Amino acid sequence: MSELFKGEFSRRQILTTAGLGAISAAALGSMNEEVAAQQPTGQATPRGGSLPPQIKFAPISEKTEIDTGGPPTALPPERRLGFAIVGLGRLALEEIMPAFAECKLAKPTALVSGDAAKANQVAQQYGIKPQNIYNYQNYDNLRNNSDVDVIYIVLPNSMHREYTVRGAKAGKHILCEKPMATTVEDCQQMIDACKQSDRKLMIAYRCQYEPHHRAMIQMIRSKELGTLKVIQADNGQNQGGDLNQWRLKRALAGGGSLPDVGIYCLNATRYLTGEEPIAISAQTFSTPGDPRFKEVEESVTFQLRFPSGVLAICSTSYGFHEGRRFRVFGSDAWGQLDPAFSYNGLRMMISRKSPTNSMAENISEVRIGEKNQFALEMDHIADCVIQNKQPHTPGEEGLQDQKLITLIYEAAQTGKTISLPRVSSGLDVTRGPAPRMLH
């Protein structure tokens with residue numbers, strides 16, 4: 001295994017099955033170069049500061065074996081950046097709050113909720129001071145709380161703009177769940193408010209920080225699969241339960257399956273290629289008489305064409321059994337993640353011609369150790385604040401997705417293919433520097 005590769009993925013992170021041969025030294029080198037190029041040089045805030053040196057162990061295996069990579073480094077608790085979690089719903093309590101246990105730079109220090117009893121219970125569970133519990137009326141008082149550096153907004157989509165703007169005016173950096181908002185105008189107001197307050201704004205596209213996705217991006221960019229031709233991406237679930245849930249209310253959600261789970265497919269086509277689409281077509285459908293879809297759409301399929309010639313075929317639904325996958329087809333091989341968009345259990349497969357049998361296909365699994373996606377993204381914005389650098393998924397990334405979602409709806413409504421101007425300024429134009437591997 002390339003020594004370069006060990007710098008980003010340790011033995012606990014990747015084990016490649018025999019005969020794969022899919023990730024060359026060139027590709028592994030490019031992955032390392034991406035990380036090395038982003039080593040920080042900015043100034044630290046009062047909290048934070050440089051990470052301590054990594055603890056080293058003497059080798060216990062022969063050079064034929066994959067290195068463990070060593071233990072991760074972390075800031076001591078008193079130097080980690082404090083996060084205020086806004087909204088204590090399912091995602092916040094089932095995923096985000098537990099993820100702090102795996103963070104190296106971030107810790108929970110405040111809560112914002114309309115349910116005082118729930119907030120007090122959560123505060124006790126996570127050792128948050130009682131005086132650091134807020135509601136939506138006194139939210140602006142966070143400006144006076146030195147325990148809080150970053151606000152993580154985990155509210156219904158239509159509320160993102162208000163609490164981002166208020167949070168930025170309170171002098172705090174913002175991490176906001178996707179989709180960024182429900183309109184292009186709201187997204188732009190969020191960007192403007194954070195710039196005016198000189199605060200960081202990051203959209204929580206967790207997959208862009210996840211090791212499987214980072215590895216697939218590098219395989220595509222280094223042409224390990226040949227020239228990329230087609231992307232197929234699907235993400236959906238059979239949405240049920242309470243008919244009054246906010247995801248089924250247009251005023252709160254801004255749409256149905258497309259902005260909630262379809263955005264993963266849309267965003268993946270953009271970060272895998274690094275390009276922006278130049279043509280969009282789409283179709284929507286909702287089962288007649290299904291009470292879930294009185295206000296929002298059930299299913300959407302959409303097709304994108306990119307300047308390089310890559311075609312993307314995507315589907316999303318609130319009506320089919322859970323499926324969260326993508327497959328990328330290159331001229332020499334295909335690669336897939338299935339599942340791709342889940343919180344855990346991601347699997348990567350690569351298929352290419354067998355090196356020993358010209359009549360056979362060699363399909364192999366690349367096993368990459370899991371990392372908590374929420375811990376990765378929270379540590380990333382903490383790192384950006386400490387090092388004073390732009391987040392990898394800034395507000396401009398969320399704004400672009402919202403523009404494209406709007407056009408997908410328009411294409412479906414009109415039945416016409418919508419053409420867009422080419423973006424001529426290179427790849428990843430809406431993204432900041434690649435995330436450092438801190439875990």
# chains A, B, ... in the order shown; residues from 1 in each chain; ligands from 1
call {"tool": "closest_atom_pairs", "arguments": {"of": "range 187-236 of chain A", "to": "range 145-160 of chain A", "cutoff": "10 Å", "atoms": "only C-alpha atoms", "output": "tab-separated table"}}
result
residue	atom	partner	partner_atom	distance
A:Cys187	CA	A:His160	CA	8.8
A:Met190	CA	A:His160	CA	8.4
A:Arg199	CA	A:Val150	CA	9.4
A:Lys200	CA	A:Val150	CA	8.8
A:Leu201	CA	A:Val150	CA	9.6
A:Met202	CA	A:Tyr152	CA	9.5
A:Ile203	CA	A:Tyr152	CA	9.6
A:Ala204	CA	A:Tyr152	CA	9.0
call {"tool": "write_last_selection", "arguments": {"atoms": "N, CA, C and O atoms", "output": "compact mmCIF listing (two decimals), in the first residue's frame"}}
result
# COMPACT_ATOMS: atom_id res chain seq x y z
N CYS A 187 -31.36 32.07 0.68
CA CYS A 187 -29.96 31.64 0.70
C CYS A 187 -29.02 32.82 0.58
O CYS A 187 -28.02 32.91 1.31
N MET A 190 -28.74 34.79 3.75
CA MET A 190 -27.91 34.12 4.74
C MET A 190 -26.42 34.37 4.48
O MET A 190 -25.64 34.65 5.39
N ARG A 199 -18.55 36.38 9.74
CA ARG A 199 -18.70 35.08 10.37
C ARG A 199 -18.66 33.99 9.30
O ARG A 199 -19.08 34.20 8.15
N LYS A 200 -18.19 32.79 9.67
CA LYS A 200 -18.19 31.65 8.77
C LYS A 200 -19.61 31.13 8.60
O LYS A 200 -20.39 31.10 9.55
N LEU A 201 -19.94 30.70 7.39
CA LEU A 201 -21.21 30.02 7.11
C LEU A 201 -20.90 28.72 6.39
O LEU A 201 -20.26 28.73 5.33
N MET A 202 -21.33 27.61 6.96
CA MET A 202 -21.12 26.31 6.35
C MET A 202 -22.44 25.56 6.30
O MET A 202 -23.23 25.61 7.25
N ILE A 203 -22.70 24.89 5.17
CA ILE A 203 -23.89 24.06 5.04
C ILE A 203 -23.49 22.62 5.30
O ILE A 203 -22.46 22.14 4.84
N ALA A 204 -24.34 21.91 6.06
CA ALA A 204 -23.98 20.60 6.60
C ALA A 204 -24.17 19.48 5.57
O ALA A 204 -25.00 18.59 5.73
call {"tool": "residues_around", "arguments": {"residues": "Asp401 in chain A", "least_positions_apart": "5", "cutoff": "9 Å", "atoms": "only C-alpha atoms", "output": "PyMOL selection string"}}
result
chain A and resi 179-180+263+266-267+396+406
call {"tool": "write_last_selection", "arguments": {"atoms": "all heavy atoms", "output": "CSV table (one decimal), in the first residue's frame"}}
result
chain,number,residue,atom,x,y,z
A,179,PRO,N,-31.6,21.2,3.3
A,179,PRO,CA,-31.2,22.2,2.3
A,179,PRO,C,-31.0,23.6,3.0
A,179,PRO,O,-31.6,23.8,4.1
A,179,PRO,CB,-32.4,22.3,1.4
A,179,PRO,CG,-33.6,21.8,2.2
A,179,PRO,CD,-33.0,20.8,3.1
A,180,MET,N,-30.2,24.4,2.4
A,180,MET,CA,-29.8,25.7,3.0
A,180,MET,C,-31.1,26.5,3.4
A,180,MET,O,-31.1,27.1,4.5
A,180,MET,CB,-28.9,26.4,2.1
A,180,MET,CG,-28.4,27.7,2.6
A,180,MET,SD,-27.2,28.5,1.4
A,180,MET,CE,-26.8,30.0,2.3
A,263,ILE,N,-31.8,16.0,-2.7
A,263,ILE,CA,-30.7,16.9,-2.7
A,263,ILE,C,-29.4,16.2,-2.6
A,263,ILE,O,-28.3,16.6,-3.1
A,263,ILE,CB,-30.8,18.0,-1.6
A,263,ILE,CG1,-29.8,19.1,-1.9
A,263,ILE,CG2,-30.7,17.4,-0.3
A,263,ILE,CD1,-30.0,20.3,-0.9
A,266,LEU,N,-28.5,15.2,-6.2
A,266,LEU,CA,-28.1,16.4,-6.9
A,266,LEU,C,-26.7,16.9,-6.5
A,266,LEU,O,-25.8,17.1,-7.3
A,266,LEU,CB,-29.1,17.6,-6.6
A,266,LEU,CG,-28.8,18.9,-7.2
A,266,LEU,CD1,-28.7,18.9,-8.7
A,266,LEU,CD2,-29.8,20.0,-6.7
A,267,ASN,N,-26.5,17.0,-5.2
A,267,ASN,CA,-25.2,17.4,-4.7
A,267,ASN,C,-24.1,16.5,-5.1
A,267,ASN,O,-23.0,16.9,-5.4
A,267,ASN,CB,-25.2,17.6,-3.2
A,267,ASN,CG,-24.1,18.5,-2.6
A,267,ASN,OD1,-23.3,18.0,-1.9
A,267,ASN,ND2,-24.0,19.7,-3.0
A,396,GLU,N,-22.3,29.4,-0.5
A,396,GLU,CA,-22.4,29.3,-2.0
A,396,GLU,C,-22.7,27.9,-2.5
A,396,GLU,O,-23.4,27.8,-3.6
A,396,GLU,CB,-21.1,29.8,-2.6
A,396,GLU,CG,-20.9,31.3,-2.5
A,396,GLU,CD,-20.4,31.8,-1.1
A,396,GLU,OE1,-20.1,30.9,-0.3
A,396,GLU,OE2,-20.3,33.0,-0.8
A,406,THR,N,-34.8,24.7,-7.8
A,406,THR,CA,-35.8,25.6,-8.4
A,406,THR,C,-36.0,25.3,-9.9
A,406,THR,O,-37.1,25.2,-10.4
A,406,THR,CB,-35.5,27.1,-8.2
A,406,THR,OG1,-35.3,27.3,-6.8
A,406,THR,CG2,-36.5,28.0,-8.8
call {"tool": "select_by_dssp", "arguments": {"residues": "range 230-412 of chain A", "states": "alpha helix (DSSP H)", "output": "ChimeraX atom specification"}}
result
/A:250-253,257,263-273,373-387,395-412
call {"tool": "residues_around", "arguments": {"residues": "Arg80 in chain A", "least_positions_apart": "3", "cutoff": "6 Å", "atoms": "only C-alpha atoms", "output": "list in words"}}
result
Gly48, Leu75, Pro77, Leu105 and Ala106 of chain A
call {"tool": "write_last_selection", "arguments": {"atoms": "all heavy atoms", "output": "short mmCIF file (atom, residue, chain, number, x, y, z; two decimals), in the first residue's frame"}}
result
data_model
loop_
_atom_site.label_atom_id
_atom_site.label_comp_id
_atom_site.auth_asym_id
_atom_site.auth_seq_id
_atom_site.Cartn_x
_atom_site.Cartn_y
_atom_site.Cartn_z
N GLY A 48 -9.21 26.92 20.92
CA GLY A 48 -8.64 26.25 19.76
C GLY A 48 -7.13 26.26 19.82
O GLY A 48 -6.52 25.86 20.80
N LEU A 75 -7.97 18.41 20.68
CA LEU A 75 -7.79 19.50 21.64
C LEU A 75 -8.35 19.09 22.99
O LEU A 75 -9.35 18.36 23.06
CB LEU A 75 -8.52 20.76 21.16
CG LEU A 75 -7.94 21.48 19.94
CD1 LEU A 75 -8.85 22.64 19.56
CD2 LEU A 75 -6.53 21.97 20.20
N PRO A 77 -10.62 19.45 26.30
CA PRO A 77 -11.99 19.97 26.34
C PRO A 77 -12.10 21.47 26.50
O PRO A 77 -12.93 22.11 25.86
CB PRO A 77 -12.60 19.22 27.53
CG PRO A 77 -11.84 17.94 27.60
CD PRO A 77 -10.44 18.29 27.19
N LEU A 105 -12.49 18.71 18.06
CA LEU A 105 -12.35 20.15 18.19
C LEU A 105 -13.62 20.83 18.69
O LEU A 105 -13.59 22.04 18.93
CB LEU A 105 -11.99 20.77 16.82
CG LEU A 105 -10.77 20.20 16.08
CD1 LEU A 105 -10.60 20.92 14.75
CD2 LEU A 105 -9.52 20.32 16.92
N ALA A 106 -14.72 20.10 18.80
CA ALA A 106 -16.02 20.71 19.09
C ALA A 106 -16.66 20.07 20.32
O ALA A 106 -16.43 18.90 20.62
CB ALA A 106 -16.94 20.56 17.88
#
call {"tool": "select_by_dssp", "arguments": {"residues": "range 112-161 of chain A", "states": "strand (DSSP E)", "output": "PyMOL selection string"}}
result
chain A and resi 112+133-134+150-153
call {"tool": "atom_distance", "arguments": {"atom1": "CA of Ser113 in chain A", "atom2": "CA of Glu162 in chain A"}}
result
14.9 Å
call {"tool": "atom_distance", "arguments": {"atom1": "CA of Arg161 in chain A", "atom2": "CA of Thr182 in chain A"}}
result
8.8 Å
call {"tool": "closest_residue", "arguments": {"among": "A:Gly398, A:Gly240, A:Gly369, A:Pro108", "to": "Ile191 in chain A", "atoms": "only C-alpha atoms"}}
result
A:Gly398
call {"tool": "residues_around", "arguments": {"residues": "Leu311 in chain A", "least_positions_apart": "5", "cutoff": "9 Å", "atoms": "only C-alpha atoms", "output": "count of residues only"}}
result
8
call {"tool": "closest_residue", "arguments": {"among": "A:Glu410, A:Asp383, A:Glu78, A:Asp338", "to": "Asp234 in chain A", "atoms": "only C-alpha atoms"}}
result
A:Asp338
call {"tool": "residues_around", "arguments": {"residues": "Asn235 in chain A", "least_positions_apart": "5", "cutoff": "12 Å", "atoms": "only C-alpha atoms", "output": "ChimeraX atom specification"}}
result
/A:257-268,299-301,313-326,337-342
call {"tool": "atom_distance", "arguments": {"atom1": "CA of Val385 in chain A", "atom2": "CA of Leu81 in chain A"}}
result
8.8 Å
call {"tool": "closest_residue", "arguments": {"among": "A:Gly254, A:Pro421, A:Gly395, A:Pro211", "to": "Pro435 in chain A", "atoms": "only C-alpha atoms"}}
result
A:Pro211
call {"tool": "decode", "arguments": {"residues": "range 150-166 of chain A", "atoms": "N, CA, C and O atoms", "output": "CSV table (one decimal), in the first residue's frame"}}
result
chain,number,residue,atom,x,y,z
A,150,VAL,N,-20.0,28.6,17.7
A,150,VAL,CA,-20.7,28.2,16.5
A,150,VAL,C,-22.1,27.8,16.9
A,150,VAL,O,-22.4,27.2,17.9
A,151,ILE,N,-23.0,28.2,16.0
A,151,ILE,CA,-24.4,27.9,16.1
A,151,ILE,C,-24.7,26.8,15.0
A,151,ILE,O,-24.5,27.1,13.8
A,152,TYR,N,-25.3,25.7,15.4
A,152,TYR,CA,-25.7,24.6,14.5
A,152,TYR,C,-27.2,24.6,14.4
A,152,TYR,O,-27.9,24.3,15.3
A,153,ILE,N,-27.7,25.0,13.2
A,153,ILE,CA,-29.2,25.2,13.0
A,153,ILE,C,-29.8,23.9,12.5
A,153,ILE,O,-29.4,23.5,11.4
A,154,VAL,N,-30.7,23.3,13.3
A,154,VAL,CA,-31.3,22.0,12.9
A,154,VAL,C,-32.8,22.2,13.0
A,154,VAL,O,-33.5,21.5,13.7
A,155,LEU,N,-33.3,23.1,12.2
A,155,LEU,CA,-34.7,23.5,12.2
A,155,LEU,C,-35.4,23.1,10.9
A,155,LEU,O,-34.7,22.9,9.9
A,156,PRO,N,-36.7,23.2,10.8
A,156,PRO,CA,-37.3,23.0,9.5
A,156,PRO,C,-36.8,24.0,8.5
A,156,PRO,O,-36.4,25.1,8.8
A,157,ASN,N,-36.8,23.6,7.2
A,157,ASN,CA,-36.1,24.3,6.2
A,157,ASN,C,-36.4,25.8,6.1
A,157,ASN,O,-35.5,26.7,5.9
A,158,SER,N,-37.7,26.2,6.2
A,158,SER,CA,-38.1,27.6,6.1
A,158,SER,C,-37.6,28.5,7.2
A,158,SER,O,-37.7,29.7,7.1
A,159,MET,N,-37.1,27.9,8.3
A,159,MET,CA,-36.6,28.7,9.4
A,159,MET,C,-35.1,28.9,9.4
A,159,MET,O,-34.6,29.7,10.2
A,160,HIS,N,-34.4,28.3,8.4
A,160,HIS,CA,-33.0,28.4,8.3
A,160,HIS,C,-32.5,29.9,8.2
A,160,HIS,O,-31.6,30.3,8.8
A,161,ARG,N,-33.2,30.6,7.3
A,161,ARG,CA,-32.8,32.0,7.0
A,161,ARG,C,-32.8,32.8,8.3
A,161,ARG,O,-31.9,33.5,8.6
A,162,GLU,N,-34.0,32.8,8.9
A,162,GLU,CA,-34.1,33.7,10.1
A,162,GLU,C,-33.1,33.4,11.2
A,162,GLU,O,-32.5,34.4,11.7
A,163,TYR,N,-32.9,32.2,11.5
A,163,TYR,CA,-32.0,31.9,12.6
A,163,TYR,C,-30.5,32.0,12.2
A,163,TYR,O,-29.6,32.1,13.0
A,164,THR,N,-30.2,31.8,10.9
A,164,THR,CA,-28.9,32.1,10.4
A,164,THR,C,-28.6,33.6,10.5
A,164,THR,O,-27.5,34.0,11.0
A,165,VAL,N,-29.5,34.4,10.0
A,165,VAL,CA,-29.3,35.9,10.1
A,165,VAL,C,-29.2,36.4,11.5
A,165,VAL,O,-28.3,37.2,11.8
A,166,ARG,N,-30.1,35.9,12.4
A,166,ARG,CA,-30.0,36.4,13.8
A,166,ARG,C,-28.7,35.9,14.4
A,166,ARG,O,-28.1,36.6,15.2
